[in-house]
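Report on the following structure.
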Amino acid sequence: MQPLTMKDFTIRTEKSADYPAVESLVYQAFLIAEQRDGTEQDLVRRLRQSTAFIPELSLVAEHDGSLVGYILLTEVTINGHKALALAPLAVAPAYQRQGIGTALIKRSHLIAQKLGYPCIIVLGSDTYYPRLGYQPAAKYGIKAPFEVPSKYYQVYPLVRNLTEISGTVAYAPEFDLN
Ligand SMILES: CC(C)(COP(=O)(O)OP(=O)(O)OC[C@H]1O[C@@H](n2cnc3c(N)ncnc32)[C@H](O)[C@@H]1OP(=O)(O)O)[C@@H](O)C(=O)NCCC(=O)NCCS
C-alpha cells in the first residue's frame, strides 16, 4: 500500500452514524497496543453519554469512505478550572505510521484552543506525545488522581500562564477511576 499524504484523508467531527465503525476501529487499534485493557471502545461509548463530552472534539479521519483514525478529548477539571483530557487516540493498524495520529492531534489542538481551554492532559507514550509539544504535567504542578510515573502523565499547554492552573485532575465518572 502506498503511504497516505494529508490530501488522502480528511478529518471531520464524528457523527452518530459513525459510532459502530469508530468502536470497531478503537478495538482493532488497541489490540496491538503496548498499553491496553481491551475496553477502550466501551470508554468511548460511555464518554459520548457524559456531560464531559464535547461533540466538536470527537474527530474521525476518513480515507476513501472508511474511518481510519479517531481522537476524543473530553472535559476534566483541574483545581476548579475546566481543561481537557485526550483519550483515546486510535489509528487503524493498516494505516499507522502515516501521520494520521499526528494530524488528529494537531487538529484537536486547534479546536481546543478556539474553544478556550487552557491545556490538554494525556496519559501516554513518553516518546510519541513529546514530539507534539507535550511536557510532563508535573512541571506545571498538575497531578494525576492515580499513581503513574510522571514521564507518562503529560500536558499540552494552550495558554502562556498555565502555571496558574495547578492541582489534581478530576476526570468524568465515566472514566471509572474509583
Ligand atoms: C499511537 C498511534 C495513535 C499513533 O498513530 P500513527 O498515525 O500511527 O502515528 P503517526 O504516523 O502520527 O506518527 C508515527 C510516529 O510515531 C511513533 N509511534 C507510533 N506509534 C507509537 C507508539 N505506540 N508509541 C510510541 N511511538 C509511536 C513512531 O516513532 C512513528 O514515527 P516513525 O514512523 O518515524 O518511527 C497508533 O499507533 C495507534 O492507534 N496505536 C494503538 C492505540 C494506542 O496505543 N493509542 C495511543 C494511546 S496513548
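Ligands are numbered from 1 in the order shown, chains are lettered A, B, ... in the order of the C-alpha cells, and residues start at 1 in each chain.
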With only C-alpha atoms as the counted atoms, please give the residues lying no more than 6 Å from Cys119 (chain A), apart from itself and same-chain residues fewer than 5 positions off, as a list in words. Ala83, Tyr156, Pro157 and Leu158 of chain A
Quick check for you: according to DSSP on this backbone, which residues of chain A are classed as alpha helix (DSSP H)? Reply as an MDAnalysis selection string. chainID A and resid 19:31 40:48 100:114
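Considering only C-alpha atoms and all ligand atoms, every residue of the polymer chains approaching ligand 1 to 6 Å or closer is listed here: Ala29, Phe30, Ala33, Pro88, Leu89, Ala90, Val91, Gln96, Arg97, Gln98, Gly99, Ile100, Gly101, Thr102, Gly124, Ser125, Thr127 and Tyr128 of chain A.
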For Arg160 (chain A), the nearest of the candidates A:Tyr27, A:Phe146, A:Tyr140, A:Phe175, counting only C-alpha atoms: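 Smallest separation from Arg160 (chain A) among the options: A:Tyr140.
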Contact residues around Gly80 (chain A) with only C-alpha atoms at 12 Å, ignoring same-chain residues under 2 positions, as a count of residues only: 14
Using 12 Å as the limit and counting only C-alpha atoms, can you tabulate each residue of region 35-87 of chain A that touches region 105-114 of chain A, with its shortest atom-to-atom distance in Å and the two atoms involved, as a Markdown table?
```
| residue | atom | partner | partner_atom | distance |
| --- | --- | --- | --- | --- |
| A:Ile54 | CA | A:Ala112 | CA | 10.0 |
| A:Pro55 | CA | A:Ile111 | CA | 11.0 |
| A:Glu56 | CA | A:Ile111 | CA | 7.4 |
| A:Leu57 | CA | A:Ser108 | CA | 6.4 |
| A:Ser58 | CA | A:Ser108 | CA | 8.6 |
| A:Leu59 | CA | A:Ser108 | CA | 7.8 |
| A:Val60 | CA | A:Arg107 | CA | 10.5 |
| A:Ala61 | CA | A:Arg107 | CA | 10.5 |
| A:Gly69 | CA | A:Ile105 | CA | 10.7 |
| A:Tyr70 | CA | A:Ile105 | CA | 9.7 |
| A:Ile71 | CA | A:Ile105 | CA | 7.4 |
| A:Leu72 | CA | A:Ser108 | CA | 8.5 |
| A:Leu73 | CA | A:Ser108 | CA | 7.7 |
| A:Thr74 | CA | A:Ala112 | CA | 10.1 |
| A:Glu75 | CA | A:Ala112 | CA | 10.4 |
| A:Lys82 | CA | A:Ala112 | CA | 11.5 |
| A:Ala83 | CA | A:Ala112 | CA | 9.2 |
| A:Leu84 | CA | A:Ala112 | CA | 8.1 |
| A:Ala85 | CA | A:Ala112 | CA | 10.6 |
| A:Leu86 | CA | A:Ile105 | CA | 8.9 |
| A:Ala87 | CA | A:Ile105 | CA | 10.9 |
```
A:Leu162, A:Ile120, A:Ala94, A:Ala21: which is nearest Lys139 (chain A), counting only C-alpha atoms?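 Among the listed residues, the smallest separation from Lys139 (chain A) belongs to A:Leu162.
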